[in-house]
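Enquirer: Input input_26.pdb, format and content: PDB, C-alpha atoms, pLDDT in the B column.
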```
ATOM      1  CA  MET P   8      -6.113 -20.738  10.335  1.00 37.00           C
ATOM      2  CA  PHE P   9      -6.925 -17.247   9.027  1.00 37.00           C
ATOM      3  CA  PHE P  10      -7.296 -14.238  11.272  1.00 39.00           C
ATOM      4  CA  LYS P  11     -10.234 -11.860  11.157  1.00 41.00           C
ATOM      5  CA  LYS P  12      -9.863  -8.124  11.385  1.00 42.00           C
ATOM      6  CA  ARG P  13     -10.360  -6.640  14.824  1.00 45.00           C
ATOM      7  CA  LYS P  14     -11.770  -3.143  14.514  1.00 45.00           C
ATOM      8  CA  PRO P  15      -9.380  -0.537  15.967  1.00 45.00           C
ATOM      9  CA  THR P  16     -10.533   2.430  18.012  1.00 44.00           C
ATOM     10  CA  PRO P  17     -11.323   5.240  15.525  1.00 44.00           C
ATOM     11  CA  GLU P  18      -8.828   8.104  15.428  1.00 44.00           C
ATOM     12  CA  PRO P  19      -8.969  11.469  13.673  1.00 42.00           C
ATOM     13  CA  GLN P  20      -7.566  11.349  10.139  1.00 42.00           C
ATOM     14  CA  SER P  21      -4.972  13.988  10.959  1.00 39.00           C
ATOM     15  CA  THR P  22      -3.694  11.917  13.886  1.00 39.00           C
ATOM     16  CA  ARG P  23      -3.343   8.788  11.769  1.00 41.00           C
ATOM     17  CA  ARG P  24      -1.414  10.683   9.094  1.00 40.00           C
ATOM     18  CA  ASN P  25       1.009  12.068  11.672  1.00 40.00           C
ATOM     19  CA  GLN P  26       1.671   8.590  13.024  1.00 40.00           C
ATOM     20  CA  ARG P  27       2.470   7.019   9.630  1.00 42.00           C
ATOM     21  CA  SER P  28       4.906   7.998   6.915  1.00 44.00           C
ATOM     22  CA  GLU P  29       2.500   6.605   4.289  1.00 48.00           C
ATOM     23  CA  TYR P  30      -1.133   5.605   4.022  1.00 46.00           C
ATOM     24  CA  ARG P  31      -1.585   1.969   5.009  1.00 52.00           C
ATOM     25  CA  ARG P  32      -4.320  -0.213   3.591  1.00 53.00           C
ATOM     26  CA  GLU P  33      -6.361  -1.570   6.495  1.00 53.00           C
ATOM     27  CA  LEU P  34      -7.220  -5.207   5.988  1.00 54.00           C
ATOM     28  CA  THR P  35     -10.795  -6.400   5.600  1.00 50.00           C
ATOM     29  CA  LYS P  36     -12.509  -9.753   6.005  1.00 45.00           C
ATOM     30  CA  ALA P  37     -12.215 -10.151   2.253  1.00 41.00           C
ATOM     31  CA  SER P  38      -8.423  -9.706   2.472  1.00 50.00           C
ATOM     32  CA  LEU P  39      -7.362 -12.632   4.623  1.00 66.00           C
ATOM     33  CA  PHE P  40      -3.768 -13.341   5.594  1.00 81.00           C
ATOM     34  CA  GLU P  41      -1.786 -15.635   7.814  1.00 87.00           C
ATOM     35  CA  ALA P  42       1.128 -14.024   9.609  1.00 92.00           C
ATOM     36  CA  THR P  43       3.751 -15.113  12.107  1.00 94.00           C
ATOM     37  CA  LEU P  44       6.270 -13.227  14.209  1.00 94.00           C
ATOM     38  CA  ARG P  45       9.668 -14.342  15.451  1.00 92.00           C
ATOM     39  CA  ALA P  46      11.305 -12.108  18.047  1.00 88.00           C
ATOM     40  CA  GLY P  47      14.662 -13.042  19.547  1.00 83.00           C
ATOM     41  CA  SER P  48      14.528 -16.353  21.419  1.00 79.00           C
ATOM     42  CA  TYR P  49      10.736 -16.285  21.779  1.00 80.00           C
ATOM     43  CA  PRO P  50       8.795 -19.111  20.103  1.00 84.00           C
ATOM     44  CA  LEU P  51       7.230 -18.387  16.718  1.00 90.00           C
ATOM     45  CA  VAL P  52       3.738 -16.912  17.250  1.00 91.00           C
ATOM     46  CA  ARG P  53       0.764 -16.271  14.992  1.00 92.00           C
ATOM     47  CA  ILE P  54      -0.288 -12.631  14.852  1.00 92.00           C
ATOM     48  CA  GLU P  55      -3.339 -10.738  13.593  1.00 90.00           C
ATOM     49  CA  LEU P  56      -2.380  -8.226  10.916  1.00 88.00           C
ATOM     50  CA  ILE P  57      -4.234  -4.920  11.152  1.00 82.00           C
ATOM     51  CA  ASP P  58      -2.624  -2.886   8.368  1.00 78.00           C
ATOM     52  CA  LEU P  59       0.147  -3.027   5.786  1.00 81.00           C
ATOM     53  CA  SER P  60       2.392  -0.774   3.746  1.00 79.00           C
ATOM     54  CA  ILE P  61       5.583  -1.282   1.762  1.00 79.00           C
ATOM     55  CA  ARG P  62       7.515   0.102   4.740  1.00 81.00           C
ATOM     56  CA  GLY P  63       5.785  -1.497   7.682  1.00 86.00           C
ATOM     57  CA  ALA P  64       2.811  -3.131   9.323  1.00 87.00           C
ATOM     58  CA  GLY P  65       0.616  -3.122  12.398  1.00 87.00           C
ATOM     59  CA  ALA P  66      -0.530  -6.231  14.258  1.00 89.00           C
ATOM     60  CA  ARG P  67      -2.259  -7.544  17.376  1.00 89.00           C
ATOM     61  CA  VAL P  68       0.208  -9.829  19.105  1.00 91.00           C
ATOM     62  CA  PRO P  69      -0.076 -12.167  22.132  1.00 89.00           C
ATOM     63  CA  ILE P  70       2.206 -11.194  25.016  1.00 85.00           C
ATOM     64  CA  PRO P  71       4.938 -13.748  25.881  1.00 77.00           C
ATOM     65  CA  ASP P  72       4.477 -15.353  29.288  1.00 72.00           C
ATOM     66  CA  ASP P  73       7.936 -14.517  30.630  1.00 66.00           C
ATOM     67  CA  SER P  74       8.794 -11.184  29.008  1.00 70.00           C
ATOM     68  CA  LYS P  75       7.490  -8.299  26.905  1.00 81.00           C
ATOM     69  CA  TYR P  76       8.071  -6.613  23.568  1.00 88.00           C
ATOM     70  CA  GLU P  77      10.113  -3.428  23.574  1.00 89.00           C
ATOM     71  CA  LYS P  78      10.391  -0.591  21.079  1.00 90.00           C
ATOM     72  CA  GLY P  79      13.467  -1.188  18.909  1.00 92.00           C
ATOM     73  CA  ASP P  80      13.409  -5.003  19.163  1.00 93.00           C
ATOM     74  CA  ALA P  81      14.465  -6.810  15.973  1.00 94.00           C
ATOM     75  CA  VAL P  82      11.875  -9.248  14.594  1.00 95.00           C
ATOM     76  CA  VAL P  83      11.047 -11.269  11.489  1.00 96.00           C
ATOM     77  CA  ILE P  84       7.508 -11.179  10.066  1.00 95.00           C
ATOM     78  CA  SER P  85       6.238 -13.811   7.614  1.00 94.00           C
ATOM     79  CA  ILE P  86       3.016 -13.204   5.659  1.00 92.00           C
ATOM     80  CA  THR P  87       1.037 -15.492   3.366  1.00 88.00           C
ATOM     81  CA  GLY P  88      -2.282 -14.903   1.636  1.00 79.00           C
ATOM     82  CA  MET P  89      -4.613 -16.981  -0.537  1.00 72.00           C
ATOM     83  CA  LEU P  90      -2.097 -19.873  -0.897  1.00 74.00           C
ATOM     84  CA  ARG P  91       0.569 -17.592  -2.393  1.00 79.00           C
ATOM     85  CA  ALA P  92       4.292 -17.615  -1.694  1.00 84.00           C
ATOM     86  CA  GLU P  93       5.418 -16.376   1.698  1.00 89.00           C
ATOM     87  CA  VAL P  94       6.597 -12.784   2.066  1.00 92.00           C
ATOM     88  CA  LYS P  95       9.278 -12.463   4.735  1.00 93.00           C
ATOM     89  CA  ALA P  96      10.498  -9.164   6.196  1.00 93.00           C
ATOM     90  CA  THR P  97      13.040  -8.204   8.835  1.00 95.00           C
ATOM     91  CA  ALA P  98      11.692  -5.376  10.971  1.00 95.00           C
ATOM     92  CA  ARG P  99      12.027  -3.405  14.157  1.00 93.00           C
ATOM     93  CA  ILE P 100       9.238  -2.635  16.586  1.00 93.00           C
ATOM     94  CA  ALA P 101       8.346   1.038  16.199  1.00 89.00           C
ATOM     95  CA  SER P 102       5.480   1.266  18.709  1.00 89.00           C
ATOM     96  CA  VAL P 103       3.923  -0.767  21.524  1.00 89.00           C
ATOM     97  CA  ARG P 104       0.550  -0.229  23.180  1.00 87.00           C
ATOM     98  CA  PRO P 105      -1.931  -2.384  25.127  1.00 86.00           C
ATOM     99  CA  ASP P 106      -4.727  -4.100  23.203  1.00 85.00           C
ATOM    100  CA  GLY P 107      -6.882  -6.112  25.577  1.00 81.00           C
ATOM    101  CA  ALA P 108      -5.984  -8.814  28.090  1.00 84.00           C
ATOM    102  CA  GLY P 109      -2.932 -10.775  27.007  1.00 86.00           C
ATOM    103  CA  PHE P 110      -2.298  -8.778  23.816  1.00 90.00           C
ATOM    104  CA  VAL P 111      -0.411  -5.721  22.577  1.00 90.00           C
ATOM    105  CA  ARG P 112      -0.711  -3.681  19.387  1.00 89.00           C
ATOM    106  CA  LEU P 113       2.706  -3.481  17.706  1.00 91.00           C
ATOM    107  CA  GLY P 114       3.797  -1.203  14.878  1.00 90.00           C
ATOM    108  CA  PHE P 115       6.653  -2.514  12.724  1.00 92.00           C
ATOM    109  CA  GLU P 116       9.093  -0.771  10.391  1.00 91.00           C
ATOM    110  CA  PHE P 117      10.585  -3.002   7.701  1.00 92.00           C
ATOM    111  CA  GLN P 118      14.373  -2.718   7.614  1.00 92.00           C
ATOM    112  CA  GLN P 119      14.753  -3.432   3.883  1.00 88.00           C
ATOM    113  CA  PRO P 120      11.538  -2.416   2.092  1.00 83.00           C
ATOM    114  CA  GLU P 121      13.183  -2.913  -1.305  1.00 80.00           C
ATOM    115  CA  LYS P 122      13.581  -6.628  -0.516  1.00 86.00           C
ATOM    116  CA  VAL P 123       9.945  -6.785   0.525  1.00 87.00           C
ATOM    117  CA  GLY P 124       8.981  -5.312  -2.850  1.00 82.00           C
ATOM    118  CA  GLN P 125      10.973  -7.947  -4.704  1.00 83.00           C
ATOM    119  CA  GLN P 126       8.785 -10.673  -3.156  1.00 86.00           C
ATOM    120  CA  LEU P 127       5.434  -9.157  -4.141  1.00 82.00           C
ATOM    121  CA  ASP P 128       3.187 -10.386  -6.936  1.00 78.00           C
ATOM    122  CA  THR P 129       0.139  -8.512  -8.230  1.00 69.00           C
ATOM    123  CA  PHE P 130      -2.076  -9.870  -5.435  1.00 73.00           C
ATOM    124  CA  TYR P 131       0.198  -8.591  -2.684  1.00 78.00           C
ATOM    125  CA  LEU P 132       0.650  -5.253  -4.456  1.00 73.00           C
ATOM    126  CA  LYS P 133      -3.013  -4.464  -3.741  1.00 67.00           C
ATOM    127  CA  HIS P 134      -2.201  -4.494  -0.026  1.00 70.00           C
ATOM    128  CA  PHE P 135       1.316  -3.065   0.174  1.00 74.00           C
ATOM    129  CA  ASN P 136       1.485   0.577  -0.893  1.00 57.00           C
ATOM    130  CA  ARG P 137       3.326   3.841  -0.243  1.00 47.00           C
ATOM    131  CA  ARG P 138       0.634   6.448  -0.621  1.00 43.00           C
ATOM    132  CA  ARG P 139       0.456   9.118   2.118  1.00 47.00           C
ATOM    133  CA  ASP P 140      -3.274   9.709   1.561  1.00 61.00           C
ATOM    134  CA  GLN P 141      -6.187   7.480   0.691  1.00 68.00           C
ATOM    135  CA  ARG P 142      -5.844   5.626  -2.585  1.00 76.00           C
ATOM    136  CA  VAL P 143      -8.347   3.653  -4.627  1.00 85.00           C
ATOM    137  CA  SER P 144      -8.172   1.263  -7.558  1.00 87.00           C
ATOM    138  CA  PRO P 145      -9.248   3.184 -10.681  1.00 89.00           C
ATOM    139  CA  ALA P 146     -11.800   0.604 -11.919  1.00 85.00           C
ATOM    140  CA  ILE P 147     -13.287  -2.755 -10.959  1.00 77.00           C
ATOM    141  CA  ASP P 148     -13.631  -4.486 -14.309  1.00 78.00           C
ATOM    142  CA  ARG P 149     -11.007  -2.986 -16.618  1.00 84.00           C
ATOM    143  CA  ARG P 150      -7.482  -1.647 -16.831  1.00 91.00           C
ATOM    144  CA  VAL P 151      -6.911   2.090 -16.931  1.00 95.00           C
ATOM    145  CA  LEU P 152      -4.066   2.909 -19.304  1.00 96.00           C
ATOM    146  CA  ALA P 153      -1.565   5.705 -18.786  1.00 98.00           C
ATOM    147  CA  THR P 154       1.351   7.171 -20.714  1.00 98.00           C
ATOM    148  CA  LEU P 155       4.460   8.401 -18.903  1.00 98.00           C
ATOM    149  CA  ARG P 156       6.911  10.694 -20.706  1.00 97.00           C
ATOM    150  CA  VAL P 157      10.373  11.110 -19.193  1.00 97.00           C
ATOM    151  CA  ASP P 158      13.368  12.728 -20.924  1.00 95.00           C
ATOM    152  CA  GLY P 159      11.938  12.107 -24.387  1.00 94.00           C
ATOM    153  CA  THR P 160      11.041   8.465 -23.669  1.00 97.00           C
ATOM    154  CA  GLU P 161       7.358   7.501 -23.806  1.00 97.00           C
ATOM    155  CA  ILE P 162       6.252   4.446 -21.810  1.00 97.00           C
ATOM    156  CA  LYS P 163       2.756   2.995 -21.527  1.00 97.00           C
ATOM    157  CA  GLY P 164       1.459   1.195 -18.451  1.00 97.00           C
ATOM    158  CA  THR P 165      -1.623   0.739 -16.286  1.00 96.00           C
ATOM    159  CA  LEU P 166      -2.725   2.571 -13.160  1.00 95.00           C
ATOM    160  CA  GLY P 167      -2.463   0.395 -10.074  1.00 91.00           C
ATOM    161  CA  ASP P 168      -4.113   2.974  -7.855  1.00 89.00           C
ATOM    162  CA  VAL P 169      -4.909   6.673  -7.703  1.00 92.00           C
ATOM    163  CA  ALA P 170      -4.989   9.316  -4.963  1.00 88.00           C
ATOM    164  CA  GLU P 171      -5.319  13.076  -4.841  1.00 87.00           C
ATOM    165  CA  SER P 172      -1.538  13.338  -4.550  1.00 88.00           C
ATOM    166  CA  GLY P 173      -0.534  10.883  -7.265  1.00 92.00           C
ATOM    167  CA  VAL P 174      -0.778   7.435  -8.817  1.00 94.00           C
ATOM    168  CA  ALA P 175       1.029   4.111  -8.966  1.00 92.00           C
ATOM    169  CA  LEU P 176       1.985   3.176 -12.520  1.00 95.00           C
ATOM    170  CA  VAL P 177       2.466  -0.530 -13.250  1.00 94.00           C
ATOM    171  CA  LEU P 178       4.970  -1.402 -16.008  1.00 96.00           C
ATOM    172  CA  THR P 179       6.316  -4.615 -17.458  1.00 96.00           C
ATOM    173  CA  LEU P 180       9.849  -5.519 -16.401  1.00 95.00           C
ATOM    174  CA  ALA P 181      11.095  -4.624 -19.893  1.00 96.00           C
ATOM    175  CA  ASP P 182       9.456  -1.190 -19.860  1.00 96.00           C
ATOM    176  CA  GLY P 183      10.742  -0.623 -16.339  1.00 95.00           C
ATOM    177  CA  GLU P 184      14.281  -1.055 -17.631  1.00 95.00           C
ATOM    178  CA  ARG P 185      13.571   1.503 -20.389  1.00 96.00           C
ATOM    179  CA  LEU P 186      12.437   4.147 -17.910  1.00 96.00           C
ATOM    180  CA  PRO P 187      15.134   6.848 -17.642  1.00 95.00           C
ATOM    181  CA  LYS P 188      16.720   7.481 -14.253  1.00 92.00           C
ATOM    182  CA  ALA P 189      15.094  10.886 -13.873  1.00 92.00           C
ATOM    183  CA  ASP P 190      12.998  12.533 -11.177  1.00 91.00           C
ATOM    184  CA  ASN P 191      10.464  14.435 -13.291  1.00 94.00           C
ATOM    185  CA  GLY P 192       8.159  13.821 -16.222  1.00 96.00           C
ATOM    186  CA  GLU P 193       4.601  14.074 -17.507  1.00 97.00           C
ATOM    187  CA  ILE P 194       1.756  11.565 -17.232  1.00 98.00           C
ATOM    188  CA  GLU P 195      -1.435  11.302 -19.273  1.00 98.00           C
ATOM    189  CA  PHE P 196      -4.455   9.166 -18.362  1.00 97.00           C
ATOM    190  CA  ARG P 197      -8.232   9.164 -18.258  1.00 95.00           C
ATOM    191  CA  LEU P 198     -10.209   7.857 -15.304  1.00 94.00           C
ATOM    192  CA  PRO P 199     -13.671   6.323 -15.919  1.00 92.00           C
ATOM    193  CA  GLY P 200     -16.219   9.117 -16.303  1.00 91.00           C
ATOM    194  CA  CYS P 201     -13.602  11.856 -16.027  1.00 93.00           C
ATOM    195  CA  ALA P 202     -11.688  14.164 -18.317  1.00 90.00           C
ATOM    196  CA  THR P 203      -8.250  13.274 -19.681  1.00 95.00           C
ATOM    197  CA  TYR P 204      -5.519  14.322 -17.251  1.00 95.00           C
ATOM    198  CA  LYS P 205      -2.143  15.482 -18.555  1.00 96.00           C
ATOM    199  CA  LEU P 206       0.011  16.502 -15.595  1.00 96.00           C
ATOM    200  CA  ASN P 207       3.585  17.237 -14.602  1.00 95.00           C
ATOM    201  CA  VAL P 208       4.832  14.693 -12.080  1.00 95.00           C
ATOM    202  CA  CYS P 209       7.711  13.678  -9.810  1.00 93.00           C
ATOM    203  CA  LEU P 210       8.893  10.048  -9.800  1.00 94.00           C
ATOM    204  CA  ARG P 211       9.212   9.187  -6.119  1.00 87.00           C
ATOM    205  CA  HIS P 212      10.088   5.484  -6.077  1.00 86.00           C
ATOM    206  CA  ARG P 213      10.436   2.404  -8.256  1.00 89.00           C
ATOM    207  CA  THR P 214       9.580  -0.974  -6.767  1.00 86.00           C
ATOM    208  CA  VAL P 215      10.709  -4.049  -8.695  1.00 88.00           C
ATOM    209  CA  THR P 216       8.573  -7.130  -8.033  1.00 84.00           C
ATOM    210  CA  ARG P 217       8.809 -10.617  -9.479  1.00 82.00           C
ATOM    211  CA  GLU P 218       6.458  -9.686 -12.316  1.00 86.00           C
ATOM    212  CA  ARG P 219       6.293  -5.911 -12.682  1.00 91.00           C
ATOM    213  CA  VAL P 220       7.866  -2.547 -11.937  1.00 93.00           C
ATOM    214  CA  VAL P 221       5.660  -0.191  -9.927  1.00 92.00           C
ATOM    215  CA  VAL P 222       6.495   3.509 -10.178  1.00 94.00           C
ATOM    216  CA  GLY P 223       5.240   5.788  -7.416  1.00 91.00           C
ATOM    217  CA  ILE P 224       4.286   9.082  -9.059  1.00 93.00           C
ATOM    218  CA  GLU P 225       3.452  12.332  -7.285  1.00 91.00           C
ATOM    219  CA  PHE P 226       1.569  15.115  -9.055  1.00 93.00           C
ATOM    220  CA  ASP P 227       3.387  18.424  -9.309  1.00 92.00           C
ATOM    221  CA  LYS P 228       1.461  20.688  -6.937  1.00 85.00           C
ATOM    222  CA  GLY P 229       2.556  23.727  -8.943  1.00 84.00           C
ATOM    223  CA  ASP P 230       0.888  22.484 -12.135  1.00 89.00           C
ATOM    224  CA  GLU P 231      -2.149  24.688 -12.838  1.00 88.00           C
ATOM    225  CA  ARG P 232      -3.780  21.795 -14.712  1.00 91.00           C
ATOM    226  CA  LEU P 233      -3.908  19.834 -11.437  1.00 90.00           C
ATOM    227  CA  HIS P 234      -5.768  22.658  -9.691  1.00 86.00           C
ATOM    228  CA  ARG P 235      -8.326  22.821 -12.492  1.00 89.00           C
ATOM    229  CA  ASN P 236      -9.095  19.117 -12.083  1.00 88.00           C
ATOM    230  CA  SER P 237      -8.707  18.758  -8.309  1.00 87.00           C
ATOM    231  CA  THR P 238     -12.448  18.812  -7.505  1.00 89.00           C
ATOM    232  CA  GLU P 239     -13.275  16.151 -10.101  1.00 92.00           C
ATOM    233  CA  LEU P 240     -10.375  13.987  -8.898  1.00 91.00           C
ATOM    234  CA  ALA P 241     -11.469  14.232  -5.246  1.00 89.00           C
ATOM    235  CA  GLU P 242     -15.048  13.325  -6.172  1.00 90.00           C
ATOM    236  CA  PHE P 243     -13.859  10.326  -8.189  1.00 92.00           C
ATOM    237  CA  ILE P 244     -11.762   9.024  -5.281  1.00 89.00           C
ATOM    238  CA  ALA P 245     -14.638   9.430  -2.810  1.00 87.00           C
ATOM    239  CA  LYS P 246     -16.989   7.555  -5.147  1.00 89.00           C
ATOM    240  CA  ARG P 247     -14.535   4.720  -5.759  1.00 88.00           C
ATOM    241  CA  ALA P 248     -13.757   4.427  -2.032  1.00 83.00           C
ATOM    242  CA  ALA P 249     -17.472   3.941  -1.337  1.00 84.00           C
ATOM    243  CA  GLU P 250     -17.727   1.336  -4.112  1.00 83.00           C
ATOM    244  CA  MET P 251     -14.698  -0.544  -2.801  1.00 77.00           C
ATOM    245  CA  ALA P 252     -16.059  -0.516   0.754  1.00 73.00           C
ATOM    246  CA  LEU P 253     -19.322  -2.031  -0.486  1.00 73.00           C
ATOM    247  CA  TRP P 254     -17.382  -4.606  -2.509  1.00 65.00           C
ATOM    248  CA  ASP P 255     -15.322  -5.552   0.578  1.00 59.00           C
ATOM    249  CA  LYS P 256     -18.453  -5.813   2.733  1.00 56.00           C
ATOM    250  CA  HIS P 257     -19.984  -8.450   0.495  1.00 54.00           C
ATOM    251  CA  GLY P 258     -16.669 -10.276   0.057  1.00 52.00           C
ATOM    252  CA  ARG P 259     -14.974 -10.039  -3.314  1.00 47.00           C
TER     253      ARG P 259
END
```
Take the structure in this file and express it as structure tokens.
Expert:
Amino acid sequence: MFFKKRKPTPEPQSTRRNQRSEYRRELTKASLFEATLRAGSYPLVRIELIDLSIRGAGARVPIPDDSKYEKGDAVVISITGMLRAEVKATARIASVRPDGAGFVRLGFEFQQPEKVGQQLDTFYLKHFNRRRDQRVSPAIDRRVLATLRVDGTEIKGTLGDVAESGVALVLTLADGERLPKADNGEIEFRLPGCATYKLNVCLRHRTVTRERVVVGIEFDKGDERLHRNSTELAEFIAKRAAEMALWDKHGR
């Protein structure tokens, strides 16, 4: 069976950011998953996923009859969604707190996030991310192209998501191999209804999946061009977040 999202108690945005090393995408009724947890000698149990990132997850978990979960326990989490291949991750429990009679809310840190990334297809990539602030998909019905220039090499890809701090650039496996092993570069793209952005960037991570290479790109905060476009970028993200929330509400 599939699990429905249980609404968590609202917390201030600043508190949530302090508790997580990256922004996690909270799951909606339109994003249904099955998940199981194996901890030590306990029987395999079904769990209700609450949020996901490339580095960890949160879940509502039934309490074992004869024991309890402890911070630091080693576990294995298995996730499937929409009849796709299972994603399996070794993890440790990072936080434990009560969540109603017979349940606890557990926070997990994946021990080998690079191996998690290798199991992800484009569907899963929409739910596993590394952004520290809110991110949105750049468009509903079309791809948004971008050009990345690094050490004299120019590579074209598509934007997987965008935030005020940066973007995720999706490349083919072949283009991912062409990308120089450098930390800095320049990206150029145009969001729907916005000006063309041409910004200095830092390349923060490269995640190789079965089908693509996803490059996590952070905008250079010292680039004056970013400051000139910051208001427009923030307004675009707020608008797209509202559109995505409406889309989720009606079930995409």
Enquirer: Once the PyMOL selection byres ((chain P and resi 101) around 6) has been evaluated on this model, what residues remain selected, and can you format them as a compact mmCIF listing (two decimals) with C-alpha atoms, keeping the file's coordinate frame?
Expert:
```
# COMPACT_ATOMS: atom_id res chain seq x y z
CA LYS P 78 10.39 -0.59 21.08
CA ILE P 100 9.24 -2.64 16.59
CA SER P 102 5.48 1.27 18.71
CA GLY P 114 3.80 -1.20 14.88
CA PHE P 115 6.65 -2.51 12.72
```
Enquirer: Determine the nearest neighbour of Ala202 of chain P from the options P:Val215, P:Ser237, P:Pro120, P:Leu113, counting only C-alpha atoms.
Expert: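 Between P:Val215, P:Ser237, P:Pro120, P:Leu113, the residue approaching Ala202 of chain P most closely is P:Ser237.
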Enquirer: Taking the file as shown, find all residues satisfying the PyMOL selection byres ((chain P and resi 79-87) around 9) and write them as a JSON list (two decimals) with C-alpha atoms, in the frame of the given file.
Expert:
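Saved file expr_34.json follows:
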```json
[["chain", "number", "residue", "atom", "x", "y", "z"],
["P", 39, "LEU", "CA", -7.36, -12.63, 4.62],
["P", 40, "PHE", "CA", -3.77, -13.34, 5.59],
["P", 41, "GLU", "CA", -1.79, -15.64, 7.81],
["P", 42, "ALA", "CA", 1.13, -14.02, 9.61],
["P", 43, "THR", "CA", 3.75, -15.11, 12.11],
["P", 44, "LEU", "CA", 6.27, -13.23, 14.21],
["P", 45, "ARG", "CA", 9.67, -14.34, 15.45],
["P", 46, "ALA", "CA", 11.30, -12.11, 18.05],
["P", 47, "GLY", "CA", 14.66, -13.04, 19.55],
["P", 76, "TYR", "CA", 8.07, -6.61, 23.57],
["P", 77, "GLU", "CA", 10.11, -3.43, 23.57],
["P", 78, "LYS", "CA", 10.39, -0.59, 21.08],
["P", 88, "GLY", "CA", -2.28, -14.90, 1.64],
["P", 89, "MET", "CA", -4.61, -16.98, -0.54],
["P", 90, "LEU", "CA", -2.10, -19.87, -0.90],
["P", 91, "ARG", "CA", 0.57, -17.59, -2.39],
["P", 92, "ALA", "CA", 4.29, -17.61, -1.69],
["P", 93, "GLU", "CA", 5.42, -16.38, 1.70],
["P", 94, "VAL", "CA", 6.60, -12.78, 2.07],
["P", 95, "LYS", "CA", 9.28, -12.46, 4.74],
["P", 96, "ALA", "CA", 10.50, -9.16, 6.20],
["P", 97, "THR", "CA", 13.04, -8.20, 8.84],
["P", 98, "ALA", "CA", 11.69, -5.38, 10.97],
["P", 99, "ARG", "CA", 12.03, -3.40, 14.16],
["P", 100, "ILE", "CA", 9.24, -2.64, 16.59],
["P", 101, "ALA", "CA", 8.35, 1.04, 16.20],
["P", 102, "SER", "CA", 5.48, 1.27, 18.71],
["P", 115, "PHE", "CA", 6.65, -2.51, 12.72]]
```
Enquirer: Within 12 Å of segment 56-74 of chain P, which residues of segment 183-247 of chain P come that close, and what is the closest atom pair and distance in Å for each? Count only C-alpha atoms and give it as a tab-separated table.
Expert:
```
residue	atom	partner	partner_atom	distance
P:His212	CA	P:Ile61	CA	11.3
P:Arg213	CA	P:Ile61	CA	11.7
P:Thr214	CA	P:Ile61	CA	9.4
P:Val215	CA	P:Ile61	CA	12.0
P:Thr216	CA	P:Ile61	CA	11.8
P:Val221	CA	P:Ile61	CA	11.7
P:Gly223	CA	P:Ile61	CA	11.6
```
Enquirer: Under the rule that all atoms listed in the file are counted, which of P:Ala146, P:Ala181, P:Ala245, P:Leu210 is the nearest residue to Leu166 of chain P?
Expert: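 Residue with the minimum atom-to-atom distance to Leu166 of chain P: P:Ala146.
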